[in-house]
>>> print(open('my_file_20.cif').read())   # mmCIF, C-alpha atoms
data_my_file
loop_
_atom_site.label_atom_id
_atom_site.label_comp_id
_atom_site.auth_asym_id
_atom_site.auth_seq_id
_atom_site.Cartn_x
_atom_site.Cartn_y
_atom_site.Cartn_z
CA MET A 1 -18.71 -7.75 21.42
CA SER A 2 -16.86 -4.50 20.66
CA ALA A 3 -14.39 -4.13 17.79
CA LEU A 4 -11.54 -3.93 20.27
CA GLU A 5 -12.59 -7.16 22.00
CA THR A 6 -13.14 -8.87 18.65
CA LEU A 7 -9.67 -7.98 17.38
CA GLY A 8 -8.21 -8.79 20.79
CA GLN A 9 -9.73 -12.26 20.68
CA PHE A 10 -8.49 -12.82 17.11
CA TYR A 11 -4.99 -11.76 18.15
CA ALA A 12 -4.90 -13.98 21.22
CA GLN A 13 -5.93 -17.03 19.21
CA ALA A 14 -3.94 -16.41 16.02
CA ARG A 15 -0.75 -15.48 17.87
CA LEU A 16 -0.42 -19.03 19.18
CA ALA A 17 -2.20 -21.04 16.47
CA ASP A 18 -0.88 -22.31 13.16
CA VAL A 19 -1.73 -19.86 10.39
CA PRO A 20 -2.56 -21.11 6.88
CA GLU A 21 0.55 -21.59 4.77
CA PRO A 22 -1.06 -19.97 1.68
CA ALA A 23 -1.61 -16.78 3.68
CA LEU A 24 2.02 -16.82 4.85
CA ASP A 25 3.14 -17.39 1.26
CA ILE A 26 1.27 -14.26 0.18
CA MET A 27 2.92 -12.32 3.02
CA ARG A 28 6.33 -13.51 1.78
CA LEU A 29 5.43 -12.14 -1.67
CA CYS A 30 4.35 -8.88 -0.05
CA PHE A 31 7.61 -8.70 1.90
CA LEU A 32 9.54 -9.17 -1.37
CA ASP A 33 7.44 -6.45 -3.02
CA TRP A 34 8.01 -4.16 -0.02
CA MET A 35 11.76 -4.58 -0.41
CA ILE A 36 11.54 -3.87 -4.13
CA VAL A 37 9.52 -0.67 -3.84
CA GLY A 38 11.53 0.59 -0.87
CA ARG A 39 14.89 0.02 -2.52
CA ALA A 40 13.60 1.42 -5.84
CA ALA A 41 12.79 4.74 -4.12
CA LYS A 42 16.43 5.57 -3.41
CA ALA A 43 16.53 8.59 -5.74
CA ASP A 44 12.99 9.75 -4.96
CA GLN A 45 12.74 13.25 -3.46
CA VAL A 46 10.32 12.15 -0.72
CA ALA A 47 12.60 9.27 0.26
CA GLN A 48 15.65 11.52 0.31
CA ALA A 49 13.83 14.13 2.40
CA MET A 50 12.69 11.48 4.89
CA LEU A 51 16.23 10.13 5.24
CA GLN A 52 17.51 13.66 5.79
CA PHE A 53 14.84 14.17 8.44
CA ALA A 54 15.80 10.92 10.17
CA HIS A 55 19.51 11.66 10.18
CA HIS A 56 18.94 15.17 11.51
CA GLN A 57 17.14 13.61 14.46
CA ARG A 58 20.38 11.76 15.26
CA THR A 59 18.64 8.81 16.82
CA GLU A 60 20.15 5.36 16.78
CA GLY A 61 18.68 2.02 17.70
CA PRO A 62 18.29 -1.63 16.76
CA SER A 63 16.06 -1.16 13.71
CA ALA A 64 17.48 -0.93 10.18
CA LEU A 65 16.73 2.05 7.93
CA PHE A 66 16.60 1.87 4.16
CA PHE A 67 19.93 2.92 2.61
CA GLY A 68 21.98 2.92 5.80
CA GLY A 69 21.89 3.59 9.49
CA SER A 70 19.52 2.53 12.21
CA ALA A 71 17.01 4.08 14.58
CA ASP A 72 14.63 3.33 17.40
CA PRO A 73 11.61 1.24 16.29
CA ARG A 74 9.18 4.15 16.07
CA ARG A 75 11.44 6.28 13.86
CA ALA A 76 12.49 3.30 11.75
CA SER A 77 8.81 2.50 11.11
CA LEU A 78 8.14 6.11 10.14
CA VAL A 79 11.09 6.27 7.75
CA ASN A 80 10.70 2.84 6.15
CA GLY A 81 6.91 3.13 5.89
CA THR A 82 7.22 6.48 4.12
CA ILE A 83 9.99 5.37 1.78
CA SER A 84 8.19 2.17 0.76
CA HIS A 85 5.12 4.22 -0.20
CA ALA A 86 7.05 7.07 -1.85
CA LEU A 87 6.67 5.70 -5.39
CA ASP A 88 3.04 4.63 -4.79
CA TYR A 89 4.15 1.26 -6.14
CA ASP A 90 3.17 -0.97 -3.19
CA ASP A 91 0.29 -3.41 -2.80
CA THR A 92 -3.38 -2.50 -2.25
CA HIS A 93 -6.31 -4.35 -0.74
CA PHE A 94 -9.56 -3.37 -2.44
CA ALA A 95 -11.73 -4.80 0.34
CA HIS A 96 -11.21 -1.45 2.05
CA ILE A 97 -9.08 0.46 -0.51
CA GLY A 98 -5.92 0.65 1.54
CA HIS A 99 -2.22 -0.04 1.19
CA VAL A 100 -1.41 -2.68 3.77
CA SER A 101 2.18 -3.97 3.57
CA THR A 102 3.75 -0.52 3.53
CA VAL A 103 2.35 0.00 7.05
CA VAL A 104 2.38 -3.39 8.77
CA ILE A 105 5.74 -4.68 7.51
CA PRO A 106 7.79 -1.69 8.78
CA ALA A 107 6.05 -1.92 12.15
CA ALA A 108 6.55 -5.69 12.48
CA LEU A 109 10.15 -5.50 11.29
CA ALA A 110 11.24 -2.58 13.47
CA GLN A 111 9.63 -3.92 16.64
CA GLY A 112 10.79 -7.43 15.80
CA GLN A 113 14.40 -6.29 15.47
CA ALA A 114 14.12 -4.49 18.81
CA SER A 115 12.57 -7.54 20.50
CA GLY A 116 14.92 -10.16 19.11
CA ALA A 117 12.29 -11.87 16.95
CA SER A 118 13.18 -14.17 14.06
CA LEU A 119 12.23 -13.37 10.48
CA GLU A 120 9.56 -16.09 10.60
CA GLN A 121 8.07 -14.37 13.67
CA VAL A 122 8.19 -11.02 11.86
CA LEU A 123 6.39 -12.54 8.86
CA ARG A 124 3.67 -14.00 11.10
CA ALA A 125 3.34 -10.68 12.93
CA ALA A 126 2.98 -8.80 9.64
CA LEU A 127 0.31 -11.28 8.51
CA LEU A 128 -1.72 -10.81 11.70
CA GLY A 129 -1.42 -7.05 11.32
CA ALA A 130 -2.42 -7.17 7.66
CA GLU A 131 -5.54 -9.22 8.42
CA ALA A 132 -6.48 -6.87 11.26
CA ALA A 133 -6.00 -3.78 9.06
CA THR A 134 -8.08 -5.29 6.26
CA ARG A 135 -10.92 -6.38 8.56
CA PHE A 136 -10.95 -3.08 10.45
CA GLY A 137 -11.00 -1.22 7.14
CA VAL A 138 -14.04 -3.21 6.03
CA TRP A 139 -15.65 -2.47 9.42
CA LEU A 140 -15.10 1.27 8.88
CA GLY A 141 -16.62 0.92 5.41
CA ARG A 142 -16.61 2.76 2.11
CA GLY A 143 -18.26 5.84 3.62
CA HIS A 144 -15.18 6.45 5.78
CA TYR A 145 -12.94 6.36 2.70
CA GLN A 146 -15.30 8.24 0.42
CA ILE A 147 -15.72 11.22 2.73
CA GLY A 148 -11.97 11.80 2.74
CA TYR A 149 -10.09 9.50 5.12
CA HIS A 150 -7.07 7.52 3.94
CA GLN A 151 -7.62 3.91 5.02
CA THR A 152 -3.89 3.23 4.66
CA ALA A 153 -3.39 5.49 7.66
CA THR A 154 -6.54 4.85 9.70
CA ALA A 155 -7.08 1.09 9.35
CA GLY A 156 -3.34 0.75 8.78
CA ALA A 157 -2.50 2.08 12.24
CA ILE A 158 -4.68 -0.63 13.78
CA GLY A 159 -2.87 -3.25 11.73
CA ALA A 160 0.50 -1.77 12.64
CA ALA A 161 -0.32 -2.06 16.35
CA VAL A 162 -1.30 -5.72 15.92
CA ALA A 163 1.86 -6.39 13.87
CA ALA A 164 4.16 -4.66 16.34
CA GLY A 165 2.45 -6.35 19.28
CA ALA A 166 2.89 -9.79 17.75
CA ALA A 167 6.54 -9.03 16.93
CA ALA A 168 7.04 -8.02 20.57
CA ASN A 169 5.25 -11.23 21.66
CA LEU A 170 2.63 -9.35 23.68
CA ALA A 171 0.08 -11.67 25.25
CA ASP A 172 -2.76 -9.10 24.99
CA ILE A 173 -3.17 -6.49 22.22
CA ARG A 174 -6.21 -4.69 23.60
CA GLY A 175 -4.28 -1.98 25.43
CA SER A 176 -2.26 -1.23 22.30
CA LEU A 177 -5.44 -0.96 20.22
CA SER A 178 -7.03 1.41 22.71
CA ASN A 179 -3.88 3.57 22.49
CA VAL A 180 -3.52 3.69 18.72
CA ALA A 181 -7.18 4.70 18.24
CA GLY A 182 -6.28 8.05 19.77
CA PHE A 183 -3.92 9.06 16.98
CA ALA A 184 -4.86 7.09 13.87
CA ALA A 185 -5.45 9.71 11.18
CA GLY A 186 -4.89 10.32 7.48
CA LEU A 187 -6.53 12.43 4.78
CA LYS A 188 -7.07 11.78 1.08
CA ALA A 189 -6.60 15.52 0.61
CA GLN A 190 -2.86 14.73 0.80
CA PHE A 191 -2.98 12.59 -2.36
CA GLY A 192 -0.53 13.89 -4.93
CA THR A 193 1.76 15.40 -2.28
CA ALA A 194 4.68 14.18 -0.18
CA MET A 195 2.35 13.77 2.78
CA LYS A 196 0.55 10.78 1.22
CA PRO A 197 3.53 8.45 1.77
CA VAL A 198 4.13 10.11 5.13
CA ASN A 199 0.57 9.00 6.05
CA ALA A 200 1.76 5.40 5.70
CA GLY A 201 4.92 6.05 7.70
CA MET A 202 3.00 7.76 10.48
CA ALA A 203 0.53 4.85 10.69
CA ALA A 204 3.39 2.38 11.09
CA ALA A 205 5.06 4.58 13.70
CA ASN A 206 1.79 5.10 15.58
CA GLY A 207 1.25 1.36 15.79
CA VAL A 208 4.72 0.79 17.21
CA GLU A 209 4.35 3.64 19.70
CA ALA A 210 0.97 2.35 20.85
CA VAL A 211 2.53 -1.04 21.58
CA GLN A 212 5.45 0.48 23.44
CA MET A 213 3.07 2.57 25.54
CA ALA A 214 1.08 -0.57 26.38
CA MET A 215 4.30 -2.35 27.33
CA ALA A 216 4.99 0.52 29.73
CA GLY A 217 1.55 0.11 31.32
CA LEU A 218 -0.46 2.76 29.44
CA SER A 219 -3.84 2.02 27.88
CA GLY A 220 -6.97 3.86 26.78
CA ALA A 221 -10.73 3.40 26.74
CA SER A 222 -12.21 0.03 25.84
CA ASN A 223 -14.73 1.68 23.48
CA SER A 224 -12.09 3.71 21.67
CA LEU A 225 -12.53 1.98 18.29
CA GLU A 226 -16.28 2.64 18.31
CA ALA A 227 -15.60 6.26 19.28
CA PHE A 228 -13.08 6.55 16.46
CA ALA A 229 -15.61 5.20 13.96
CA GLN A 230 -18.30 7.58 15.19
CA ILE A 231 -16.27 10.74 14.64
CA HIS A 232 -14.55 9.49 11.46
CA HIS A 233 -17.72 8.53 9.57
CA GLY A 234 -17.17 4.81 10.09
CA GLU A 235 -20.05 2.49 9.21
CA ARG A 236 -19.23 -0.11 11.91
CA ASP A 237 -20.15 -3.01 9.63
CA ASP A 238 -19.98 -6.06 11.90
CA THR A 239 -20.06 -8.43 8.92
CA ALA A 240 -16.38 -7.50 8.64
CA TRP A 241 -15.67 -9.98 11.42
CA ASP A 242 -17.34 -12.95 9.71
CA ALA A 243 -15.05 -16.02 9.83
CA LEU A 244 -12.26 -13.92 11.36
CA GLY A 245 -9.30 -16.19 12.01
CA GLN A 246 -10.73 -18.92 9.76
CA ARG A 247 -10.84 -17.16 6.39
CA TRP A 248 -7.96 -14.77 5.69
CA LEU A 249 -9.15 -11.77 3.70
CA PHE A 250 -5.59 -10.56 3.29
CA GLU A 251 -4.95 -13.27 0.69
CA GLY A 252 -6.95 -11.09 -1.72
CA VAL A 253 -4.28 -8.36 -1.69
CA THR A 254 -3.38 -6.99 -5.13
CA HIS A 255 0.17 -6.12 -6.16
CA LYS A 256 1.01 -3.12 -8.27
CA PHE A 257 2.89 -3.38 -11.51
CA TYR A 258 2.82 0.36 -12.27
CA PRO A 259 3.99 3.15 -9.89
CA CYS A 260 0.73 5.09 -9.69
CA CYS A 261 -2.65 5.00 -7.97
CA HIS A 262 -4.10 1.49 -8.09
CA GLY A 263 -7.39 2.96 -9.26
CA THR A 264 -5.74 3.72 -12.62
CA HIS A 265 -4.28 0.26 -13.21
CA ALA A 266 -7.32 -1.31 -14.87
CA MET A 267 -7.35 1.59 -17.36
CA ILE A 268 -3.62 1.15 -17.99
CA GLU A 269 -4.06 -2.58 -18.67
CA ALA A 270 -6.99 -1.90 -21.01
CA LEU A 271 -5.06 0.77 -22.93
CA ARG A 272 -2.04 -1.50 -23.23
CA GLN A 273 -4.32 -4.02 -24.93
CA THR A 274 -5.65 -1.53 -27.48
CA LEU A 275 -2.90 1.00 -28.26
CA PRO A 276 -0.11 -1.09 -29.84
CA GLY A 277 -0.32 -1.46 -33.62
CA GLY A 278 -3.18 0.97 -34.16
CA PRO A 279 -3.38 4.61 -35.28
CA ARG A 280 -3.01 7.34 -32.69
CA PRO A 281 -6.46 7.88 -31.12
CA GLU A 282 -8.39 11.08 -31.72
CA LYS A 283 -10.38 10.49 -28.55
CA ILE A 284 -10.13 8.17 -25.54
CA THR A 285 -13.13 7.52 -23.31
CA VAL A 286 -12.41 5.94 -19.94
CA ARG A 287 -15.24 4.50 -17.88
CA THR A 288 -14.50 3.75 -14.24
CA HIS A 289 -16.25 3.17 -10.94
CA PRO A 290 -17.59 6.46 -9.50
CA ARG A 291 -15.41 6.07 -6.40
CA TRP A 292 -12.28 6.86 -8.36
CA MET A 293 -13.57 10.15 -9.77
CA SER A 294 -12.45 12.00 -6.63
CA VAL A 295 -9.20 10.06 -6.26
CA CYS A 296 -7.41 9.65 -9.58
CA ASN A 297 -9.19 11.99 -11.96
CA LYS A 298 -6.99 15.09 -11.65
CA PRO A 299 -7.65 17.10 -14.82
CA GLU A 300 -4.47 19.16 -14.45
CA VAL A 301 -1.12 17.99 -13.11
CA ALA A 302 1.99 19.93 -12.06
CA ASP A 303 4.44 17.09 -11.45
CA ALA A 304 4.92 13.33 -11.50
CA LEU A 305 3.34 12.91 -8.04
CA GLU A 306 0.08 14.43 -9.29
CA ALA A 307 0.30 12.49 -12.58
CA LYS A 308 0.06 9.25 -10.59
CA PHE A 309 -3.54 10.31 -9.77
CA SER A 310 -4.59 11.44 -13.25
CA TYR A 311 -6.30 9.23 -15.82
CA ARG A 312 -5.67 11.90 -18.43
CA ALA A 313 -1.95 12.25 -17.81
CA LEU A 314 -1.41 8.48 -17.68
CA ALA A 315 -3.44 7.91 -20.84
CA ALA A 316 -1.43 10.60 -22.63
CA LEU A 317 1.81 8.98 -21.50
CA LEU A 318 0.67 5.61 -22.85
CA VAL A 319 -0.34 7.12 -26.18
CA GLN A 320 3.09 8.71 -26.48
CA ASN A 321 4.92 5.44 -25.82
CA ALA A 322 2.45 3.34 -27.87
CA GLY A 323 1.18 1.47 -24.81
CA ALA A 324 4.63 0.23 -23.80
CA THR A 325 4.36 0.79 -20.06
CA VAL A 326 4.09 3.27 -17.19
CA ASP A 327 7.23 3.55 -15.08
CA GLU A 328 8.87 6.13 -12.83
CA ALA A 329 11.29 7.33 -15.50
CA ALA A 330 8.47 7.91 -17.99
CA LEU A 331 6.42 9.79 -15.38
CA GLN A 332 9.33 12.07 -14.52
CA ALA A 333 10.06 12.65 -18.24
CA LEU A 334 6.52 14.00 -18.76
CA PHE A 335 7.48 17.23 -17.00
CA PRO A 336 7.40 20.00 -17.82
CA LEU A 337 4.33 19.09 -19.87
CA SER A 338 4.79 19.58 -23.60
CA ALA A 339 2.14 21.04 -25.88
CA GLU A 340 1.69 17.54 -27.34
CA THR A 341 1.03 16.01 -23.90
CA ARG A 342 -1.46 18.73 -23.03
CA ALA A 343 -3.27 18.17 -26.32
CA LEU A 344 -3.42 14.41 -25.71
CA MET A 345 -4.78 14.96 -22.20
CA GLY A 346 -7.50 17.12 -23.74
CA ARG A 347 -8.63 14.18 -25.86
CA VAL A 348 -9.32 11.97 -22.82
CA GLU A 349 -12.84 11.84 -21.39
CA VAL A 350 -13.38 10.17 -18.00
CA LEU A 351 -16.88 8.96 -17.10
CA ALA A 352 -18.27 7.33 -13.98
CA GLN A 353 -20.18 4.09 -14.49
CA GLU A 354 -21.96 2.52 -11.54
CA SER A 355 -22.19 -0.92 -13.15
CA LEU A 356 -18.40 -1.32 -13.16
CA GLY A 357 -16.62 -2.86 -10.19
CA GLU A 358 -13.99 -0.86 -8.32
CA GLU A 359 -11.26 -2.96 -9.94
CA GLU A 360 -12.60 -2.60 -13.50
CA ALA A 361 -12.18 -0.09 -16.31
CA HIS A 362 -13.62 0.14 -19.82
CA VAL A 363 -11.87 2.16 -22.51
CA THR A 364 -12.97 3.19 -26.00
CA LEU A 365 -10.47 4.54 -28.55
CA LYS A 366 -11.72 6.47 -31.57
CA ALA A 367 -9.30 6.71 -34.49
CA GLU A 368 -9.84 7.16 -38.23
CA GLY A 369 -13.57 6.69 -37.89
CA GLN A 370 -13.27 3.38 -36.04
CA HIS A 371 -13.70 2.40 -32.40
CA ARG A 372 -11.58 -0.04 -30.44
CA VAL A 373 -12.71 -1.15 -26.99
CA ALA A 374 -11.18 -3.07 -24.09
CA THR A 375 -12.14 -3.92 -20.52
CA HIS A 376 -9.88 -5.05 -17.72
CA ASP A 377 -10.66 -6.38 -14.24
CA LEU A 378 -7.89 -6.48 -11.63
CA ARG A 379 -9.80 -9.21 -9.78
CA ALA A 380 -8.78 -11.78 -12.38
CA PRO A 381 -7.06 -14.47 -10.27
CA LEU A 382 -3.27 -14.89 -10.32
CA SER A 383 -1.57 -18.02 -9.05
CA PHE A 384 1.25 -17.78 -6.51
CA GLU A 385 3.74 -18.71 -9.23
CA ALA A 386 2.40 -16.07 -11.62
CA ARG A 387 2.51 -13.41 -8.90
CA LEU A 388 6.08 -14.30 -8.03
CA GLU A 389 7.12 -14.20 -11.68
CA LYS A 390 5.56 -10.77 -12.17
CA LEU A 391 7.13 -9.44 -8.96
CA MET A 392 10.54 -10.76 -10.00
CA ALA A 393 10.14 -8.98 -13.33
CA LYS A 394 9.03 -5.82 -11.53
CA GLY A 395 12.14 -5.95 -9.34
CA GLU A 396 14.45 -6.58 -12.29
CA GLY A 397 12.98 -3.52 -13.96
CA VAL A 398 13.75 -1.11 -11.11
CA LEU A 399 16.71 -2.64 -9.23
CA ALA A 400 20.18 -3.88 -10.09
CA PRO A 401 20.32 -7.24 -11.89
CA GLY A 402 20.01 -10.14 -9.47
CA GLN A 403 19.01 -7.98 -6.50
CA THR A 404 15.41 -9.21 -6.42
CA THR A 405 16.55 -12.83 -6.56
CA GLN A 406 18.86 -12.10 -3.62
CA TYR A 407 15.94 -10.74 -1.58
CA TRP A 408 13.75 -13.75 -2.36
CA GLU A 409 16.52 -16.13 -1.32
CA ILE A 410 16.94 -14.25 1.97
CA LEU A 411 13.20 -14.56 2.63
CA ALA A 412 13.24 -18.24 1.69
CA ARG A 413 15.90 -19.05 4.26
CA ALA A 414 14.35 -16.65 6.83
CA ASP A 415 17.63 -14.81 7.47
CA LEU A 416 16.80 -11.62 9.39
CA SER A 417 20.43 -10.55 9.67
CA ALA A 418 20.89 -10.73 5.89
CA LEU A 419 17.57 -8.94 5.37
CA SER A 420 18.64 -6.09 7.66
CA ALA A 421 21.92 -5.79 5.76
CA ALA A 422 20.03 -5.69 2.44
CA ILE A 423 17.75 -2.92 3.73
CA ARG A 424 20.72 -0.83 4.86
CA ALA A 425 22.90 -1.48 1.81
#
>>> encode(input="my_file_20.cif", output="structure tokens")
Amino acid sequence: MSALETLGQFYAQARLADVPEPALDIMRLCFLDWMIVGRAAKADQVAQAMLQFAHHQRTEGPSALFFGGSADPRRASLVNGTISHALDYDDTHFAHIGHVSTVVIPAALAQGQASGASLEQVLRAALLGAEAATRFGVWLGRGHYQIGYHQTATAGAIGAAVAAGAAANLADIRGSLSNVAGFAAGLKAQFGTAMKPVNAGMAAANGVEAVQMAMAGLSGASNSLEAFAQIHHGERDDTAWDALGQRWLFEGVTHKFYPCCHGTHAMIEALRQTLPGGPRPEKITVRTHPRWMSVCNKPEVADALEAKFSYRALAALLVQNAGATVDEAALQALFPLSAETRALMGRVEVLAQESLGEEEAHVTLKAEGQHRVATHDLRAPLSFEARLEKLMAKGEGVLAPGQTTQYWEILARADLSALSAAIRA
């Protein structure tokens, strides 16, 4: 059975069946996190530019935009998807190395608002889209990502179409999937620029547009997903569909607690274990999975956007603040780079180590003739309660006091009207 037929069958069954409550709980956490990172981006230059772009288009519609106004579903998905990825602070799924919620939630929400769906229906739609994006990303494989494609945009567009279709209560998603395959694109070459978050916004918008085209009677070739994989270096790994609809891969999503590339987070956690209380290191050696060497190993950085993809810059920042944390204010304060920061970056060595997992990092600090070492693995399990606690703390750190609690209460009572008002506020 083709990928399109496989995903179509999953959609048809899952749309009407009960979905596991633990998976829905994780989606609620992801929705909370999406609100946090979107609202936290208010002062970000990319977010401001996207809002200016949207308002210049002078479109209005039923779908809420972050920070005020409304638009048609496609434009709302584009704007909200871009803004929620602007800080690079949103969740990641390492099964295919892609940001998921920043694409599927804007698509489900915008189309759901246009179609009169409830918040519970939007949550279910986002969950179906997230599972489809994750599975399709695994089907495309690591080779697709490694050669230069951004899975957030490519696999994400597939998930966005599923999410928007479910929010619109489509009976059949296959036409939408055949449509979105024609314009799902994204490049890792955009990392460190404003176009990386726009990749996420475009994927969300493409998914919504594909659904709306299908609703109007337009559809593409039934082998379009295979054709997409062929010309985008996809591996077409059919084990990606194992237990589809029975085991929910999306539950393995990982939330970010630092606003930078997720590939750097294991290093950050390891350094935060070793830096406090010790002498300033003369040398830092970071060992990481080889995959990250082309993603977040920028040796030179010109601004905070590039610093989010630089082990050296982030390690220097942590040395300067004694391992306290990495946050947006600290990243912005790094620039222009001081002579001290440049010197610290020069003391950081980054090495690829095949034996490490993609979620692991090993750091060695040399200071005063002694070595301190630490390893961290992002795969260490977190309970639902622990995740919620950490997300609440994350929100309190970047939003007004009590705002994160307000969002969680809105999600708990499934109040779409209140959620829309909170997005616009």
>>> atom_distance(input="my_file_20.cif", atom1="atom CA of A:Ala315", atom2="atom CA of A:Ala86")
21.7 Å
>>> resolve_selection(input="my_file_20.cif", expression="the PyMOL selection byres ((chain A and resi 147-158) around 7)", output="PyMOL selection string")
chain A and resi 97-100+103+132-133+136-137+143-146+159-162+177+180+184-189+199-200+203-204+206-207
>>> residues_around(input="my_file_20.cif", residues="stretch 258-269 of chain A", least_positions_apart="2", cutoff="7 Å", atoms="all atoms listed in the file", output="compact mmCIF listing (two decimals) with C-alpha atoms, in the frame of the given file")
# COMPACT_ATOMS: atom_id res chain seq x y z
CA LEU A 87 6.67 5.70 -5.39
CA ASP A 88 3.04 4.63 -4.79
CA TYR A 89 4.15 1.26 -6.14
CA LYS A 256 1.01 -3.12 -8.27
CA LEU A 271 -5.06 0.77 -22.93
CA ARG A 272 -2.04 -1.50 -23.23
CA GLN A 273 -4.32 -4.02 -24.93
CA TRP A 292 -12.28 6.86 -8.36
CA CYS A 296 -7.41 9.65 -9.58
CA LYS A 308 0.06 9.25 -10.59
CA PHE A 309 -3.54 10.31 -9.77
CA TYR A 311 -6.30 9.23 -15.82
CA VAL A 326 4.09 3.27 -17.19
CA ASP A 327 7.23 3.55 -15.08
CA GLU A 328 8.87 6.13 -12.83
CA GLU A 359 -11.26 -2.96 -9.94
CA GLU A 360 -12.60 -2.60 -13.50
CA ALA A 361 -12.18 -0.09 -16.31
CA HIS A 362 -13.62 0.14 -19.82
CA VAL A 363 -11.87 2.16 -22.51
CA HIS A 376 -9.88 -5.05 -17.72
CA ASP A 377 -10.66 -6.38 -14.24
CA LEU A 378 -7.89 -6.48 -11.63
>>> axis_aligned_box(input="my_file_20.cif", around="stretch 370-379 of chain A", padding_each_side="3 Å", output="AutoDock Vina command-line options")
--center_x -10.8 --center_y -2.9 --center_z -22.9 --size_x 11.8 --size_y 18.6 --size_z 32.3
>>> resolve_selection(input="my_file_20.cif", expression="the PyMOL selection byres ((chain A and resi 23) around 8)", output="PyMOL selection string")
chain A and resi 19-22+24-27+127+248+250-251
>>> closest_residue(input="my_file_20.cif", among="A:Glu209, A:Asp242, A:Glu349, A:Glu226", to="A:Ala164", atoms="only C-alpha atoms")
A:Glu209
>>> resolve_selection(input="my_file_20.cif", expression="the PyMOL selection byres ((chain A and resi 282) around 8)", output="count of residues only")
9
>>> residues_around(input="my_file_20.cif", residues="A:Ala425", least_positions_apart="6", cutoff="8 Å", atoms="all atoms listed in the file", output="PyMOL selection string")
chain A and resi 66-68
>>> residues_around(input="my_file_20.cif", residues="A:Pro336", least_positions_apart="4", cutoff="9 Å", atoms="all atoms listed in the file", output="list in words")
Ala302, Asp303 and Gln332 of chain A
>>> atom_distance(input="my_file_20.cif", atom1="atom CA of A:Pro290", atom2="atom CA of A:Thr193")
22.5 Å
>>> atom_distance(input="my_file_20.cif", atom1="atom CA of A:Asp18", atom2="atom CA of A:Gln212")
25.8 Å
>>> closest_residue(input="my_file_20.cif", among="A:Pro197, A:Gly234, A:Pro381, A:Gly141", to="A:Leu305", atoms="all atoms listed in the file")
A:Pro197
>>> closest_residue(input="my_file_20.cif", among="A:Ala117, A:Ala43, A:Leu317, A:Gly38", to="A:Ser84", atoms="all atoms listed in the file")
A:Gly38
>>> residues_near_point(input="my_file_20.cif", point="(9.4, -2.6, -12.4)", cutoff="9 Å", atoms="all atoms listed in the file", output="list in words")
Ile36, Val37, Ala40, Phe257, Tyr258, Pro259, Asp327, Glu328, Leu391, Met392, Ala393, Lys394, Gly395, Glu396, Gly397, Val398 and Leu399 of chain A
>>> residues_near_point(input="my_file_20.cif", point="(16.2, -11.2, -5.0)", cutoff="12 Å", atoms="only C-alpha atoms", output="JSON, numbers by chain")
{"A": [29, 31, 32, 33, 34, 35, 36, 39, 388, 389, 391, 392, 393, 394, 395, 396, 399, 400, 401, 402, 403, 404, 405, 406, 407, 408, 409, 410, 411, 412, 418, 419, 422]}
